[in-house]
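> Have a look at this one.
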Amino acid sequence: LVVSREDPWVYEWLAGDGAGSFAPARPLLGLDFADELSIGIEDLDGDGVRDLAVPRAATNVVAVYRGLGGSSFAHVADLPVSEVPRNVITRDLDLDGAPDLVASGTDSRAVTLFLGRGDATFEPGVALPVERSPFEMQAADLDADGLPELVVLGRYSQTVSVLRAAPSYPADDFEPNETCAQAVELAAGTYARLSLEAGGGADDYYSIQVPPASLLSVEVAGGASAPDLACFLHGDHATDPGCGSVPAALTEGVLAGDTLALGWSNTSAVTRSYTLRVTRTSGDCALYDLAITVAPAAFGAPMCPGDGSLVPCPCGNEAGEPYSGCRNASGAGAKIAVTGTSVFANADAVFHLTQAMPHKTALLLQGETAIAVPFKNGVLCMGPETRRLQVSLTSSAGSASTSGPLTGAGFAPGTTRYYQWWYRAGLLSTCGTGSNFSSGLRVDWQ
């Protein structure tokens, strides 16, 4: 807590303990105050320690002090102002991520704005006209457009001035990327504080490589600074003549809340290049964050849940989680999933088992018909002809996966098969019969 006192004018520091109590007041170290009314307290250089911006009425400057931790500060700069400064506030007014600074004095008809660079230095001050005798100031979003307005109280003029801020963002590291041909290739990962230029017609384009049988997931976060973001996913800009055209997009989305999500599966047997277009439907420039995930694609239709909705589990051991098998001794039901593609010629399908018992034998089963029969600790989901495809050993987390092509599986393009994992459940299994089943999965092979 920082407080001011008179005779002499001095600011005092009260260190808080985090529980609502404060140590005795003591003067701020290294500061010499004279007739100032309020100061700005903000992390001006992004080092996690709060700094000070102090009006110095005797010299017509705003003095900037870098926080050293605790109540220690070091003077680093003086920002000249034309009026006698009395009050200072700090706030990111242009939404570029760097705190800005505004100083006011009761003997003028303007306030001085210093745009921050994010390192405790500032652009030269700009005078913003207001009514006479500007005094107290506050920054708040008054019209819900995501941008803060500056509210200035005129001490002697008995007026309130409202100044609207306009965002100004620096170019990000990927510009220029305003056309399909300029698309910047991005790997999976998170990219923060990307910028769109003003005008509504300037777009950002990115190229993303997606391996065969993989799912591309894109999430764009705009928040209040970009409420009208839209995204379009196209094919490779080098081969797709419709790249950038809205009707030709593979998929598209608009901001819902603070985020926008798109997804697309590469079901081919080769790596594909996709082009992402980010745009605004209206408004000025904007900042956004981009998250890209590329993972093996899952397919198949879940079936035969062990929650009692189809048939009861053998000993009342229904699982509470949707589309898991009957509950085992871990308290969960085992699940089956498959990644890769359903294209028979690709031979890239991998079946996965999760939430089974750890360090136990597991066996992938295939059937030609769908059934639901309570058996052992679970429900048998497939009927004749039944095949045993591959044996695995579960990990310490109770998971397993097949490896390599499934030989002798007895299926072909155009056929439908049903899959399920059988696994040993241990001597202390839920129903005492020693084994259990995962949920089931239907796959229509192409």
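Numbering starts fresh at 1 for the residues of each chain in the structure tokens, the chains themselves are lettered A, B, ... in the order given, and ligands are numbered from 1 as they appear.
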For segment 321-324 of chain A, find every residue with an atom within 9 Å (counting only C-alpha atoms), except residues of its own chain fewer than 5 positions away, and show them as a PyMOL selection string.
chain A and resi 302-307+332-336+355+438-440
> Hey, what's within 12 Å of Leu68 of chain A if we count only C-alpha atoms and toss same-chain stuff fewer than 6 positions away? As a PyMOL selection string, please?
chain A and resi 29-30+43+45+47-52+74-76
> Restricted to all heavy atoms, what would the selected residues look like written as an mmCIF file, in the first residue's frame?

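Contents of selection11.cif, as written:
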```
data_model
loop_
_atom_site.group_PDB
_atom_site.id
_atom_site.type_symbol
_atom_site.label_atom_id
_atom_site.label_comp_id
_atom_site.auth_asym_id
_atom_site.auth_seq_id
_atom_site.Cartn_x
_atom_site.Cartn_y
_atom_site.Cartn_z
ATOM 1 N N LEU A 29 12.099 4.469 -0.632
ATOM 2 C CA LEU A 29 13.527 4.709 -0.740
ATOM 3 C C LEU A 29 13.871 5.407 -2.045
ATOM 4 O O LEU A 29 13.323 5.083 -3.092
ATOM 5 C CB LEU A 29 14.280 3.383 -0.654
ATOM 6 C CG LEU A 29 14.083 2.585 0.636
ATOM 7 C CD1 LEU A 29 14.889 1.316 0.591
ATOM 8 C CD2 LEU A 29 14.466 3.417 1.846
ATOM 9 N N GLY A 30 14.791 6.343 -2.002
ATOM 10 C CA GLY A 30 15.331 6.963 -3.194
ATOM 11 C C GLY A 30 14.434 7.962 -3.876
ATOM 12 O O GLY A 30 14.728 8.381 -4.990
ATOM 13 N N ASP A 43 3.805 -2.621 -13.439
ATOM 14 C CA ASP A 43 4.997 -3.285 -13.980
ATOM 15 C C ASP A 43 5.219 -2.741 -15.383
ATOM 16 O O ASP A 43 4.604 -3.187 -16.345
ATOM 17 C CB ASP A 43 4.797 -4.801 -14.000
ATOM 18 C CG ASP A 43 6.005 -5.543 -14.552
ATOM 19 O OD1 ASP A 43 7.047 -4.911 -14.788
ATOM 20 O OD2 ASP A 43 5.896 -6.770 -14.764
ATOM 21 N N ASP A 45 8.065 -2.730 -17.220
ATOM 22 C CA ASP A 45 9.075 -3.386 -18.063
ATOM 23 C C ASP A 45 8.895 -4.889 -18.161
ATOM 24 O O ASP A 45 9.743 -5.587 -18.723
ATOM 25 C CB ASP A 45 10.484 -3.061 -17.564
ATOM 26 C CG ASP A 45 10.675 -3.404 -16.089
ATOM 27 O OD1 ASP A 45 9.747 -3.999 -15.490
ATOM 28 O OD2 ASP A 45 11.733 -3.069 -15.546
ATOM 29 N N ASP A 47 9.043 -7.320 -15.953
ATOM 30 C CA ASP A 47 9.908 -8.218 -15.179
ATOM 31 C C ASP A 47 9.218 -8.799 -13.958
ATOM 32 O O ASP A 47 9.831 -9.493 -13.156
ATOM 33 C CB ASP A 47 11.188 -7.488 -14.757
ATOM 34 C CG ASP A 47 10.922 -6.337 -13.782
ATOM 35 O OD1 ASP A 47 9.735 -6.003 -13.555
ATOM 36 O OD2 ASP A 47 11.898 -5.748 -13.266
ATOM 37 N N GLY A 48 7.915 -8.523 -13.806
ATOM 38 C CA GLY A 48 7.161 -9.057 -12.689
ATOM 39 C C GLY A 48 7.245 -8.236 -11.427
ATOM 40 O O GLY A 48 6.619 -8.585 -10.425
ATOM 41 N N VAL A 49 7.988 -7.133 -11.444
ATOM 42 C CA VAL A 49 8.121 -6.249 -10.283
ATOM 43 C C VAL A 49 7.494 -4.909 -10.626
ATOM 44 O O VAL A 49 7.764 -4.335 -11.693
ATOM 45 C CB VAL A 49 9.600 -6.048 -9.888
ATOM 46 C CG1 VAL A 49 9.710 -5.113 -8.682
ATOM 47 C CG2 VAL A 49 10.252 -7.387 -9.594
ATOM 48 N N ARG A 50 6.682 -4.388 -9.746
ATOM 49 C CA ARG A 50 5.997 -3.127 -10.030
ATOM 50 C C ARG A 50 6.970 -1.943 -9.978
ATOM 51 O O ARG A 50 7.848 -1.886 -9.118
ATOM 52 C CB ARG A 50 4.856 -2.909 -9.050
ATOM 53 C CG ARG A 50 3.704 -3.880 -9.271
ATOM 54 C CD ARG A 50 2.493 -3.518 -8.465
ATOM 55 N NE ARG A 50 1.365 -4.385 -8.768
ATOM 56 C CZ ARG A 50 0.157 -4.224 -8.265
ATOM 57 N NH1 ARG A 50 -0.087 -3.221 -7.428
ATOM 58 N NH2 ARG A 50 -0.820 -5.051 -8.584
ATOM 59 N N ASP A 51 6.756 -1.034 -10.925
ATOM 60 C CA ASP A 51 7.548 0.184 -11.020
ATOM 61 C C ASP A 51 6.672 1.376 -10.663
ATOM 62 O O ASP A 51 5.462 1.246 -10.471
ATOM 63 C CB ASP A 51 8.113 0.319 -12.442
ATOM 64 C CG ASP A 51 8.780 -0.963 -12.907
ATOM 65 O OD1 ASP A 51 9.743 -1.398 -12.247
ATOM 66 O OD2 ASP A 51 8.326 -1.550 -13.914
ATOM 67 N N LEU A 52 7.288 2.563 -10.597
ATOM 68 C CA LEU A 52 6.571 3.774 -10.215
ATOM 69 C C LEU A 52 6.697 4.832 -11.299
ATOM 70 O O LEU A 52 7.750 4.969 -11.935
ATOM 71 C CB LEU A 52 7.113 4.342 -8.909
ATOM 72 C CG LEU A 52 7.062 3.451 -7.657
ATOM 73 C CD1 LEU A 52 7.655 4.194 -6.473
ATOM 74 C CD2 LEU A 52 5.640 3.031 -7.358
ATOM 75 N N ALA A 74 14.818 2.432 -8.336
ATOM 76 C CA ALA A 74 15.925 3.156 -8.941
ATOM 77 C C ALA A 74 15.385 4.088 -10.014
ATOM 78 O O ALA A 74 14.600 3.672 -10.874
ATOM 79 C CB ALA A 74 16.945 2.185 -9.546
ATOM 80 N N HIS A 75 15.797 5.346 -9.979
ATOM 81 C CA HIS A 75 15.361 6.336 -10.961
ATOM 82 C C HIS A 75 15.988 6.026 -12.315
ATOM 83 O O HIS A 75 17.198 5.874 -12.428
ATOM 84 C CB HIS A 75 15.765 7.736 -10.489
ATOM 85 C CG HIS A 75 15.391 8.820 -11.436
ATOM 86 N ND1 HIS A 75 16.297 9.666 -11.994
ATOM 87 C CD2 HIS A 75 14.173 9.179 -11.939
ATOM 88 C CE1 HIS A 75 15.686 10.520 -12.792
ATOM 89 N NE2 HIS A 75 14.395 10.246 -12.779
ATOM 90 N N VAL A 76 15.147 5.923 -13.377
ATOM 91 C CA VAL A 76 15.673 5.556 -14.689
ATOM 92 C C VAL A 76 15.391 6.603 -15.761
ATOM 93 O O VAL A 76 16.089 6.651 -16.773
ATOM 94 C CB VAL A 76 15.106 4.190 -15.152
ATOM 95 C CG1 VAL A 76 15.618 3.074 -14.268
ATOM 96 C CG2 VAL A 76 13.580 4.203 -15.183
#
```
> From a DSSP pass on the backbone, collect the residues of segment 387-440 of chain A flagged as strand (DSSP E) and hand them back as a PyMOL selection string.
chain A and resi 387-393+400-401+416-424+435-440
> Using only C-alpha atoms, which protein or nucleic acid residues come within 12 Å of segment 128-139 of chain A? Drop anything in the same chain fewer than 6 positions from it, and give the result as a count of residues only.
53
> Skip Ser342 of chain A itself and residues of its chain fewer than 6 positions away, then list as a list in words all residues within 7 Å of it, counting only C-alpha atoms.
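Listed by chain and then number, they are Ala349, Asp444, Trp445 and Gln446 of chain A.
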> Could you tell me how far atom CA of Pro247 of chain A sits from atom CA of Arg277 of chain A, in Å to one decimal place?
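One can read the atom CA of Arg277 of chain A to atom CA of Pro247 of chain A distance as 13.1 Å.
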> Using only C-alpha atoms, which of the listed residues (A:Ser268, A:Gln420, A:Thr275, A:Thr293) sits closest to Gly378 of chain A?
A:Gln420
> Which residue, A:Phe22, A:Phe122, A:Phe351, A:Asp228, has the smallest gap to Ala53 of chain A when you use only C-alpha atoms?
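Comparing A:Phe22, A:Phe122, A:Phe351, A:Asp228 against Ala53 of chain A, the winner is A:Phe122.
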> Could you jot down the atom CA of Thr394 of chain A to atom CA of Gly331 of chain A separation for me, Å, one decimal place?
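According to the coordinates, atom CA of Thr394 of chain A and atom CA of Gly331 of chain A are separated by 16.7 Å.
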> Out of A:Arg193, A:Ala140, A:Pro374, A:Asp119, which residue has the shortest atom-to-atom distance to Asp96 of chain A when counting only C-alpha atoms?
A:Arg193
> Excluding Ala181 of chain A and residues on its chain fewer than 2 positions from it, collect all residues at most 12 Å away from it, counting only C-alpha atoms, and give them as a count of residues only.
22
> In Å, rounded to a single decimal, give me how far atom CA of Ala337 of chain A is from atom CA of Val350 of chain A.
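Going from atom CA of Val350 of chain A over to atom CA of Ala337 of chain A, I get 8.4 Å.
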> Using only C-alpha atoms, which residues sit within 10 Å of segment 208-215 of chain A once same-chain residues fewer than 3 positions away are excluded, as a ChimeraX atom specification?
/A:183-188,218,235-236,263-276,292-299,339-343,346,348-349
> If you run DSSP on the backbone, which residues of segment 231-384 of chain A are helix (DSSP H, G or I), as a list of chain:residue names?
A:Val246, A:Pro247, A:Ala248, A:Phe344, A:Ala345, A:Asn346
> Got a sec: who's within 9 Å of Thr121 of chain A, counting only C-alpha atoms, leaving out chain neighbours fewer than 5 positions off, as an MDAnalysis selection string?
chainID A and resid 44:45 64 76:77 115:116
> Looking at A:Pro413, A:Ala370, A:Asn60, A:Trp421, which one is nearest to Val391 of chain A, with distances taken over only C-alpha atoms?
A:Trp421
> Pick the closest to Ala221 of chain A from A:Val254, A:Gly320, A:Leu428, A:Ala249: which is it, counting only C-alpha atoms?
A:Val254
> Can you work out which one of A:Ser245, A:Thr279, A:Gln182, A:Thr369 has the shortest atom-to-atom distance to Ala230 of chain A, counting only C-alpha atoms?
A:Thr279
